[in-house]
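K.L.:
Just passing along the structure, written as structure tokens.
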Protein chains: 2
Amino acid sequence: MGVSLKDIAERAGVSLATVSNVVNGYRPVGERTRQRVQQAIDELGYTPNLGARHLRRGRTGLIALAIPELNNPYFAELAEIAIREAAGLGYTLVMENTAADREAELLLLDGSHRHTIDGLIFSPVRIGRDEVLARSADTPLVLIGEGVYDVPHDHIAIDNVAASHAAIQHLVAIGRRRIAFIGAAPGADRQSAHLRMRGYREALAAAGLPFRPQLVARTDEFGRLDGRRAMRDLLALGEPPDAVFGYNDLIGIGALRALAEAGCRVPEDVAVIGIDDIEEGRFSTPTLTTIAPDKEEIGRLAVRRLVARIEGAEVAAPLTVQTPFRLVRRESTGTPGA
Amino acid sequence: MGVSLKDIAERAGVSLATVSNVVNGYRPVGERTRQRVQQAIDELGYTPNLGARHLRRGRTGLIALAIPELNNPYFAELAEIAIREAAGLGYTLVMENTAADREAELLLLDGSHRHTIDGLIFSPVRIGRDEVLARSADTPLVLIGEGVYDVPHDHIAIDNVAASHAAIQHLVAIGRRRIAFIGAAPGADRQSAHLRMRGYREALAAAGLPFRPQLVARTDEFGRLDGRRAMRDLLALGEPPDAVFGYNDLIGIGALRALAEAGCRVPEDVAVIGIDDIEEGRFSTPTLTTIAPDKEEIGRLAVRRLVARIEGAEVAAPLTVQTPFRLVRRESTGTPGA
DNA sequence: CTGAAAGCGCTAACAT
DNA sequence: ATGTTAGCGCTTTCAG
């Protein structure tokens, strides 16, 4: 194995504790001693064995980010931010893909990783409040995204109802009347889909537009493929929609593709809007109007709060933070500018 | 802290070693004893502390996947595969984003993570053969992607020259004569860019077409934005190209966007091809023809070889594996089918 | 300011 | 088939 504290201690003629203190700076060390130790460290090329340190401290230095789809650029972008923030705080972030699988989510929640990770940032989609409350693990948990509220954990998300409300409002503002929603979820699945659905209905009502069940498309997954398939079905309707609100940008992209294949003009025939503001939507043809959550804020805040909990800030009560979002107008709804 | 081996041993009235053997199965354990131990484990809800195990074994159970762009869907897709494979082999995979930064790559190579990870899968873009040879770390290293050859490490990549050759050949086959290349890299950077450039030149020569320097566009990065910018420049040429080969799909997507903005028809005016086969290219308008590497093969093989090294298969000589690729025809070069 | 020693939880000799 | 024990490398009392 590599160079250990002991090697340094021998070389510098001091005790283990002193070397440890030079490395960690917990206690003051005499200047002369420190120099001797530092020299030994440099000469031998010592780096601390984090595993041993963590064993001793009872922590691993690892935090996990559990997301339902690694393939969704939204999460990839979020992960990149979180990894950077974690690294800055001295933690390594590992990604866990739940693949939106209920069993996987339960396993994660119940601390199958008890000794592996110090804390968990979790974007649940298949489990609800009760499961979170019933959780036995005692590692800190920060929830992100949507779907689970009123639990004793920090929670960071946009206001889904308000976000989809804003999306529909925009479609109404540009004169659309038959507005479809792609990405409804069956039963108790995907709370966020229900919330976005609620915003959809509320905004329709607020605009005095009727709610038409045939304009709501369920999907099993939430990718490009699902968006395309659903859009095709909607186009087959006797009276197709004149606008589509996608549960997320990937669904919006899929819808754009179906529209292109069907020879429909966007936004003239059908306007399209999504949520997430993934980079892809800035380069699609047409570019995709979207509701942009503040990913930077979500990713950083989630990591910071988690680390605060891990390091013992038990004092503050769990916080629910609603991060801001904004409408980004692009070609798919007839952008005014570029 | 949680339940430890010792707790189980006491509860079951056996020794530590016996519990360890029940858990790990290294040595046979009597049926009656095993049952008692198992019961204690179940009752107390014991899970092994991996950190301690790894400290003892001198391994951490972590492997790292170091890539230049987490944001590139190609790497996200690759990572998903690698994570799955690693999990199946009992390893946790952590992602390291070098951001194509030379310092970051050198740091990684020299084992700043010595005690943190058991091995490294590395996609270098800014360092070359000499740096790899000079590496002091002794953890196993598997190289993926391109750029560094003839080093004593396992290496998994497609044949870049052949791949870009195939791309150009396709463009020639559909009748293009003024074929541009976007994504050339300056100096010694991005070996893969040089290799793809070589394939480009070779294929031009083989087709009896002249090499025109003005049709080669350098980019600093390799994203959608760079593709768009370069394409704009190419369109401003007196005689613009009738086809474009992008260093990767993201560049291709960016080029598509620039062409759409300029009102050019694809593929009639300009055909476009990329490399990577990211899902995005199956949904863009038009869909993007591409050279598809076998990501599944690359990801799985890289993990398997690395784990084999970690677990002591020092015997076999380092292997360079060239994984297959294939041409996927889509609308951007005038697909025959759908 | 520095040192000695205990022990985090586990595995692997070495015993029996 | 099972038990005993010595550490893996580190941090942290407790003593000087």
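How things are named: the first chain in the structure tokens is A, the next is B, and so on; residues count from 1 in each chain; ligands count from 1 in the order shown.
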Go through chain C residue by residue and, counting only C-alpha atoms (C1' of nucleotides), keep those with an atom at most 7 Å from chain B; for each kept residue give the shortest atom pair and its distance in Å to one decimal, ordered by chain and increasing number, as a Markdown table.

P.N.:
```
| residue | atom | partner | partner_atom | distance |
| --- | --- | --- | --- | --- |
| C:DG9 | C1' | B:Ala52 | CA | 5.1 |
| C:DC10 | C1' | B:Arg53 | CA | 4.9 |
| C:DT11 | C1' | B:Arg56 | CA | 6.3 |
```

K.L.:
For those residues, write N, CA and C atoms (P, O5', C5', C4', C3', O3' and C1' of nucleotides) to a file as a PDB file, in the first residue's frame.

P.N.:
```
ATOM      1  P    DG C   9     -18.257   0.763  14.857  1.00  0.00           P
ATOM      2  O5'  DG C   9     -17.948  -0.334  13.747  1.00  0.00           O
ATOM      3  C5'  DG C   9     -18.104   0.002  12.390  1.00  0.00           C
ATOM      4  C4'  DG C   9     -17.465  -1.075  11.555  1.00  0.00           C
ATOM      5  C3'  DG C   9     -17.983  -2.488  11.834  1.00  0.00           C
ATOM      6  O3'  DG C   9     -18.517  -2.988  10.620  1.00  0.00           O
ATOM      7  C1'  DG C   9     -15.622  -2.440  11.767  1.00  0.00           C
ATOM      8  P    DC C  10     -18.854  -4.494  10.394  1.00  0.00           P
ATOM      9  O5'  DC C  10     -17.501  -5.067   9.793  1.00  0.00           O
ATOM     10  C5'  DC C  10     -17.088  -4.612   8.515  1.00  0.00           C
ATOM     11  C4'  DC C  10     -15.691  -5.088   8.234  1.00  0.00           C
ATOM     12  C3'  DC C  10     -15.553  -6.594   8.046  1.00  0.00           C
ATOM     13  O3'  DC C  10     -15.551  -6.875   6.653  1.00  0.00           O
ATOM     14  C1'  DC C  10     -13.773  -5.659   9.358  1.00  0.00           C
ATOM     15  P    DT C  11     -15.592  -8.407   6.210  1.00  0.00           P
ATOM     16  O5'  DT C  11     -14.051  -8.807   6.230  1.00  0.00           O
ATOM     17  C5'  DT C  11     -13.185  -8.161   5.318  1.00  0.00           C
ATOM     18  C4'  DT C  11     -11.789  -8.693   5.502  1.00  0.00           C
ATOM     19  C3'  DT C  11     -11.590 -10.168   5.163  1.00  0.00           C
ATOM     20  O3'  DT C  11     -10.344 -10.233   4.475  1.00  0.00           O
ATOM     21  C1'  DT C  11     -10.840  -9.766   7.347  1.00  0.00           C
TER      22       DT C  11
END
```

K.L.:
Select from chain D every residue with an atom at most 10 Å from any atom of chain B, then for each give the shortest pair of atoms and their distance in Å to one decimal, using only C-alpha atoms (C1' of nucleotides), rows by chain and rising number, as CSV.

P.N.:
```
residue,atom,partner,partner_atom,distance
D:DA1,C1',B:Val29,CA,6.4
D:DT2,C1',B:Thr18,CA,6.7
D:DG3,C1',B:Ser15,CA,6.1
D:DT4,C1',B:Ser15,CA,8.8
D:DG7,C1',B:Arg56,CA,8.5
D:DC8,C1',B:Arg56,CA,4.4
D:DG9,C1',B:Leu55,CA,7.9
```

K.L.:
Using N, CA and C atoms (P, O5', C5', C4', C3', O3' and C1' of nucleotides), can you write the selected residues to a file as a CSV table (one decimal), in the first residue's frame?

P.N.:
```csv
chain,number,residue,atom,x,y,z
D,1,DA,P,-17.4,-27.9,7.6
D,1,DA,O5',-17.3,-27.6,9.2
D,1,DA,C5',-18.3,-28.1,10.0
D,1,DA,C4',-18.1,-27.4,11.3
D,1,DA,C3',-18.5,-25.9,11.4
D,1,DA,O3',-19.2,-25.7,12.6
D,1,DA,C1',-16.2,-26.1,12.0
D,2,DT,P,-19.9,-24.3,12.9
D,2,DT,O5',-18.8,-23.5,13.6
D,2,DT,C5',-18.6,-23.6,15.0
D,2,DT,C4',-17.4,-23.0,15.5
D,2,DT,C3',-17.4,-21.5,15.7
D,2,DT,O3',-17.6,-21.3,17.0
D,2,DT,C1',-15.3,-22.4,14.9
D,3,DG,P,-17.6,-19.8,17.6
D,3,DG,O5',-16.1,-19.6,18.0
D,3,DG,C5',-15.5,-20.5,18.9
D,3,DG,C4',-14.1,-20.0,19.2
D,3,DG,C3',-14.0,-18.6,19.6
D,3,DG,O3',-13.1,-18.4,20.7
D,3,DG,C1',-12.5,-19.1,17.8
D,4,DT,P,-12.9,-17.1,21.5
D,4,DT,O5',-11.4,-16.7,21.2
D,4,DT,C5',-10.5,-17.7,20.7
D,4,DT,C4',-9.1,-17.0,20.6
D,4,DT,C3',-9.0,-15.6,21.1
D,4,DT,O3',-7.7,-15.4,21.6
D,4,DT,C1',-8.6,-15.6,18.8
D,7,DG,P,0.3,-7.0,14.3
D,7,DG,O5',-0.8,-5.8,14.8
D,7,DG,C5',-0.8,-4.7,13.9
D,7,DG,C4',-1.5,-5.0,12.6
D,7,DG,C3',-1.9,-3.7,11.9
D,7,DG,O3',-1.6,-3.8,10.6
D,7,DG,C1',-3.8,-5.1,12.3
D,8,DC,P,-1.0,-2.5,9.9
D,8,DC,O5',-2.0,-2.1,8.8
D,8,DC,C5',-2.3,-2.9,7.7
D,8,DC,C4',-3.6,-2.3,7.0
D,8,DC,C3',-3.7,-0.8,7.1
D,8,DC,O3',-3.2,-0.3,5.8
D,8,DC,C1',-5.8,-1.9,7.8
D,9,DG,P,-2.0,0.7,5.8
D,9,DG,O5',-2.6,2.1,6.3
D,9,DG,C5',-3.7,2.7,5.5
D,9,DG,C4',-4.3,3.7,6.3
D,9,DG,C3',-3.3,4.8,6.9
D,9,DG,O3',-3.8,6.1,6.4
D,9,DG,C1',-4.8,4.0,8.6
```

K.L.:
Quick one: residues within 9 Å of range 324-336 of chain A, only C-alpha atoms (C1' of nucleotides) counted, chain neighbours fewer than 3 positions away excluded, as an mmCIF file with N, CA and C atoms, in the first residue's frame?

P.N.:
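Listing of selection02.cif after writing:
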```
data_model
loop_
_atom_site.group_PDB
_atom_site.id
_atom_site.type_symbol
_atom_site.label_atom_id
_atom_site.label_comp_id
_atom_site.auth_asym_id
_atom_site.auth_seq_id
_atom_site.Cartn_x
_atom_site.Cartn_y
_atom_site.Cartn_z
ATOM 1 N N ALA A 157 -37.668 22.569 -4.680
ATOM 2 C CA ALA A 157 -38.398 22.329 -5.919
ATOM 3 C C ALA A 157 -38.969 23.625 -6.439
ATOM 4 N N ILE A 158 -39.352 23.591 -7.704
ATOM 5 C CA ILE A 158 -40.112 24.722 -8.193
ATOM 6 C C ILE A 158 -41.575 24.470 -7.826
ATOM 7 N N ASP A 159 -42.378 25.497 -7.907
ATOM 8 C CA ASP A 159 -43.809 25.349 -7.690
ATOM 9 C C ASP A 159 -44.405 24.837 -8.995
ATOM 10 N N ALA A 163 -45.755 26.780 -12.216
ATOM 11 C CA ALA A 163 -44.955 26.689 -13.439
ATOM 12 C C ALA A 163 -45.823 26.297 -14.619
ATOM 13 N N ALA A 166 -48.107 29.026 -15.624
ATOM 14 C CA ALA A 166 -47.430 30.042 -16.445
ATOM 15 C C ALA A 166 -47.309 29.590 -17.892
ATOM 16 N N ALA A 167 -47.041 28.314 -18.076
ATOM 17 C CA ALA A 167 -46.907 27.791 -19.437
ATOM 18 C C ALA A 167 -48.224 27.944 -20.194
ATOM 19 N N HIS A 170 -49.139 31.465 -21.109
ATOM 20 C CA HIS A 170 -48.425 31.947 -22.294
ATOM 21 C C HIS A 170 -49.128 31.482 -23.568
ATOM 22 N N LEU A 171 -49.533 30.240 -23.582
ATOM 23 C CA LEU A 171 -50.217 29.716 -24.774
ATOM 24 C C LEU A 171 -51.533 30.446 -24.996
ATOM 25 N N ILE A 174 -50.963 33.901 -26.495
ATOM 26 C CA ILE A 174 -50.697 33.992 -27.938
ATOM 27 C C ILE A 174 -51.906 33.499 -28.736
ATOM 28 N N ALA A 243 -52.244 23.881 -29.598
ATOM 29 C CA ALA A 243 -51.064 24.086 -28.758
ATOM 30 C C ALA A 243 -50.865 22.858 -27.880
ATOM 31 N N LEU A 256 -42.444 17.978 -31.177
ATOM 32 C CA LEU A 256 -41.961 18.733 -32.338
ATOM 33 C C LEU A 256 -41.666 17.783 -33.494
ATOM 34 N N VAL A 266 -45.041 24.707 -36.988
ATOM 35 C CA VAL A 266 -44.929 25.153 -35.602
ATOM 36 C C VAL A 266 -44.274 26.524 -35.628
ATOM 37 N N PRO A 267 -44.873 27.535 -35.031
ATOM 38 C CA PRO A 267 -46.062 27.497 -34.169
ATOM 39 C C PRO A 267 -47.381 27.777 -34.894
ATOM 40 N N GLU A 268 -47.355 27.998 -36.221
ATOM 41 C CA GLU A 268 -48.594 28.430 -36.880
ATOM 42 C C GLU A 268 -49.751 27.478 -36.611
ATOM 43 N N VAL A 270 -49.590 24.478 -34.673
ATOM 44 C CA VAL A 270 -49.554 24.017 -33.284
ATOM 45 C C VAL A 270 -48.370 24.663 -32.576
ATOM 46 N N ALA A 271 -48.603 25.277 -31.439
ATOM 47 C CA ALA A 271 -47.517 25.830 -30.622
ATOM 48 C C ALA A 271 -47.106 24.780 -29.595
ATOM 49 N N VAL A 272 -45.833 24.804 -29.195
ATOM 50 C CA VAL A 272 -45.347 23.799 -28.252
ATOM 51 C C VAL A 272 -44.542 24.472 -27.143
ATOM 52 N N ILE A 273 -44.770 24.009 -25.916
ATOM 53 C CA ILE A 273 -43.993 24.509 -24.788
ATOM 54 C C ILE A 273 -43.651 23.349 -23.867
ATOM 55 N N ASP A 277 -35.867 23.658 -19.729
ATOM 56 C CA ASP A 277 -34.827 24.450 -20.389
ATOM 57 C C ASP A 277 -33.531 23.674 -20.566
ATOM 58 N N GLY A 281 -33.180 22.193 -26.388
ATOM 59 C CA GLY A 281 -34.305 22.999 -26.843
ATOM 60 C C GLY A 281 -33.887 24.344 -27.401
ATOM 61 N N ARG A 282 -32.633 24.709 -27.192
ATOM 62 C CA ARG A 282 -32.154 25.966 -27.760
ATOM 63 C C ARG A 282 -31.632 25.746 -29.175
ATOM 64 N N THR A 285 -35.183 22.559 -34.111
ATOM 65 C CA THR A 285 -35.839 23.361 -35.135
ATOM 66 C C THR A 285 -37.304 22.985 -35.167
ATOM 67 N N PRO A 286 -38.197 23.864 -34.774
ATOM 68 C CA PRO A 286 -37.921 25.181 -34.199
ATOM 69 C C PRO A 286 -37.381 25.055 -32.777
ATOM 70 N N THR A 287 -36.781 26.144 -32.286
ATOM 71 C CA THR A 287 -36.338 26.139 -30.889
ATOM 72 C C THR A 287 -37.558 26.058 -29.981
ATOM 73 N N LEU A 288 -37.352 25.505 -28.805
ATOM 74 C CA LEU A 288 -38.477 25.148 -27.929
ATOM 75 C C LEU A 288 -38.688 26.152 -26.795
ATOM 76 N N THR A 289 -39.844 26.751 -26.777
ATOM 77 C CA THR A 289 -40.221 27.589 -25.643
ATOM 78 C C THR A 289 -40.347 26.715 -24.399
ATOM 79 N N THR A 290 -39.956 27.253 -23.269
ATOM 80 C CA THR A 290 -39.925 26.410 -22.077
ATOM 81 C C THR A 290 -40.060 27.219 -20.803
ATOM 82 N N ILE A 291 -40.396 26.515 -19.733
ATOM 83 C CA ILE A 291 -40.336 27.099 -18.405
ATOM 84 C C ILE A 291 -39.001 26.673 -17.808
ATOM 85 N N ALA A 292 -38.158 27.644 -17.486
ATOM 86 C CA ALA A 292 -36.799 27.334 -17.047
ATOM 87 C C ALA A 292 -36.688 27.373 -15.528
ATOM 88 N N PRO A 293 -36.467 26.232 -14.907
ATOM 89 C CA PRO A 293 -36.181 26.246 -13.472
ATOM 90 C C PRO A 293 -34.745 26.717 -13.265
ATOM 91 N N ASP A 294 -34.452 27.145 -12.097
ATOM 92 C CA ASP A 294 -33.093 27.604 -11.818
ATOM 93 C C ASP A 294 -32.253 26.413 -11.361
ATOM 94 N N GLU A 297 -29.391 26.945 -8.903
ATOM 95 C CA GLU A 297 -29.873 27.144 -7.539
ATOM 96 C C GLU A 297 -30.292 25.817 -6.897
#
```

K.L.:
So that I can see what lies close to DA6 in chain C, please list as a JSON list (two decimals) with N, CA and C atoms (P, O5', C5', C4', C3', O3' and C1' of nucleotides), in the first residue's frame the residues with an atom at most 12 Å from it, counting only C-alpha atoms (C1' of nucleotides) and leaving out residues fewer than 3 positions away in the same chain.

P.N.:
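Final output, out-v5.json:
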```json
[["chain", "number", "residue", "atom", "x", "y", "z"],
["A", 56, "ARG", "N", -12.89, 6.04, 10.96],
["A", 56, "ARG", "CA", -12.69, 6.58, 12.29],
["A", 56, "ARG", "C", -13.77, 7.63, 12.63],
["D", 11, "DT", "P", -7.00, 11.74, 10.13],
["D", 11, "DT", "O5'", -7.75, 11.53, 11.51],
["D", 11, "DT", "C5'", -9.18, 11.39, 11.47],
["D", 11, "DT", "C4'", -9.70, 11.14, 12.86],
["D", 11, "DT", "C3'", -9.65, 12.34, 13.80],
["D", 11, "DT", "O3'", -10.88, 12.31, 14.51],
["D", 11, "DT", "C1'", -8.57, 10.52, 14.80],
["D", 12, "DT", "P", -11.40, 13.60, 15.26],
["D", 12, "DT", "O5'", -11.23, 13.18, 16.78],
["D", 12, "DT", "C5'", -11.76, 11.93, 17.22],
["D", 12, "DT", "C4'", -11.19, 11.59, 18.56],
["D", 12, "DT", "C3'", -11.02, 12.80, 19.49],
["D", 12, "DT", "O3'", -11.58, 12.46, 20.74],
["D", 12, "DT", "C1'", -9.06, 11.54, 19.43],
["D", 13, "DT", "P", -12.36, 13.54, 21.58],
["D", 13, "DT", "O5'", -11.28, 14.13, 22.56],
["D", 13, "DT", "C5'", -11.45, 13.98, 23.95],
["D", 13, "DT", "C4'", -11.18, 12.54, 24.41],
["D", 13, "DT", "C3'", -10.59, 12.53, 25.82],
["D", 13, "DT", "O3'", -11.34, 11.68, 26.68],
["D", 13, "DT", "C1'", -9.15, 11.38, 24.28],
["D", 14, "DC", "P", -11.27, 11.89, 28.26],
["D", 14, "DC", "O5'", -9.74, 11.54, 28.59],
["D", 14, "DC", "C5'", -9.29, 10.20, 28.45],
["D", 14, "DC", "C4'", -7.81, 10.14, 28.74],
["D", 14, "DC", "C3'", -7.36, 10.97, 29.94],
["D", 14, "DC", "O3'", -6.56, 10.16, 30.77],
["D", 14, "DC", "C1'", -6.03, 11.45, 28.05]]
```

K.L.:
Under the rule of at most 8 Å, produce a per-residue listing of chain B near chain A: chain, number, name, the closest pair of atoms, and the distance in Å, as a Markdown table, using only C-alpha atoms.

P.N.:
```
| residue | atom | partner | partner_atom | distance |
| --- | --- | --- | --- | --- |
| B:Met1 | CA | A:Gly58 | CA | 7.3 |
| B:Thr47 | CA | A:Arg114 | CA | 7.8 |
| B:Pro48 | CA | A:His115 | CA | 7.5 |
| B:Asn49 | CA | A:His115 | CA | 5.2 |
| B:Leu50 | CA | A:His115 | CA | 6.5 |
| B:Gly51 | CA | A:Gly51 | CA | 6.0 |
| B:Ala52 | CA | A:Leu55 | CA | 6.2 |
| B:His54 | CA | A:Gly51 | CA | 7.7 |
| B:Leu55 | CA | A:Ala52 | CA | 6.2 |
| B:Gly58 | CA | A:Met1 | CA | 7.4 |
| B:Thr60 | CA | A:Gly51 | CA | 7.2 |
| B:Leu70 | CA | A:Glu80 | CA | 6.6 |
| B:Asn71 | CA | A:Glu77 | CA | 6.2 |
| B:Pro73 | CA | A:Pro73 | CA | 7.2 |
| B:Ala76 | CA | A:Asn71 | CA | 6.4 |
| B:Glu77 | CA | A:Asn71 | CA | 6.2 |
| B:Glu80 | CA | A:Leu70 | CA | 6.6 |
| B:Thr92 | CA | A:Val94 | CA | 7.9 |
| B:Leu93 | CA | A:Val94 | CA | 7.1 |
| B:Val94 | CA | A:Val94 | CA | 5.1 |
| B:Met95 | CA | A:Val94 | CA | 7.1 |
| B:Ser112 | CA | A:Thr47 | CA | 7.9 |
| B:Arg114 | CA | A:Thr47 | CA | 7.8 |
| B:His115 | CA | A:Asn49 | CA | 5.2 |
| B:Thr116 | CA | A:Leu50 | CA | 6.5 |
| B:Arg224 | CA | A:Phe283 | CA | 7.3 |
| B:Ile253 | CA | A:Phe283 | CA | 7.2 |
| B:Gly254 | CA | A:Phe283 | CA | 6.6 |
| B:Arg257 | CA | A:Phe283 | CA | 5.8 |
| B:Ala260 | CA | A:Thr285 | CA | 7.1 |
| B:Glu280 | CA | A:Glu280 | CA | 7.8 |
| B:Phe283 | CA | A:Arg257 | CA | 5.8 |
| B:Ser284 | CA | A:Ser284 | CA | 6.3 |
| B:Thr285 | CA | A:Thr285 | CA | 5.9 |
```

K.L.:
List every residue of range 184-335 of chain B that DSSP, applied to the backbone, labels as strand (DSSP E), and write the result as a PyMOL selection string.

P.N.:
chain B and resi 184+216-218+243-246+271-275+289-293+320-322+325-328

K.L.:
So that I have them on file, write out the residues from the current selection with C-alpha atoms, as a PDB file, in the first residue's frame.

P.N.:
```pdb
ATOM      1  CA  ALA B 184     -10.567  20.338 -36.053  1.00  0.00           C
ATOM      2  CA  VAL B 216     -11.997  22.765 -42.326  1.00  0.00           C
ATOM      3  CA  ALA B 217     -13.369  24.588 -39.289  1.00  0.00           C
ATOM      4  CA  ARG B 218     -11.526  24.662 -36.023  1.00  0.00           C
ATOM      5  CA  ALA B 243     -21.918  18.554 -47.046  1.00  0.00           C
ATOM      6  CA  VAL B 244     -20.602  18.751 -43.514  1.00  0.00           C
ATOM      7  CA  PHE B 245     -18.955  16.154 -41.343  1.00  0.00           C
ATOM      8  CA  GLY B 246     -19.145  17.036 -37.662  1.00  0.00           C
ATOM      9  CA  ALA B 271     -25.951  17.199 -46.095  1.00  0.00           C
ATOM     10  CA  VAL B 272     -24.844  16.667 -42.483  1.00  0.00           C
ATOM     11  CA  ILE B 273     -23.321  13.709 -40.671  1.00  0.00           C
ATOM     12  CA  GLY B 274     -21.963  13.290 -37.164  1.00  0.00           C
ATOM     13  CA  ILE B 275     -20.487  10.666 -34.884  1.00  0.00           C
ATOM     14  CA  THR B 289     -27.177  10.709 -39.966  1.00  0.00           C
ATOM     15  CA  THR B 290     -24.345   9.444 -37.810  1.00  0.00           C
ATOM     16  CA  ILE B 291     -21.608   6.940 -37.221  1.00  0.00           C
ATOM     17  CA  ALA B 292     -22.788   4.874 -34.269  1.00  0.00           C
ATOM     18  CA  PRO B 293     -20.178   3.442 -31.944  1.00  0.00           C
ATOM     19  CA  THR B 320      -6.346  -2.658 -27.180  1.00  0.00           C
ATOM     20  CA  VAL B 321      -9.862  -3.334 -28.317  1.00  0.00           C
ATOM     21  CA  GLN B 322     -11.379  -1.659 -31.302  1.00  0.00           C
ATOM     22  CA  PHE B 325     -19.253   1.080 -35.432  1.00  0.00           C
ATOM     23  CA  ARG B 326     -21.871   1.403 -38.110  1.00  0.00           C
ATOM     24  CA  LEU B 327     -23.364   4.025 -40.358  1.00  0.00           C
ATOM     25  CA  VAL B 328     -26.904   5.067 -39.441  1.00  0.00           C
TER      26      VAL B 328
END
```

K.L.:
What's the separation between CA of His155 in chain B and CA of Ser123 in chain B, in Å to one decimal place?

P.N.:
9.8 Å
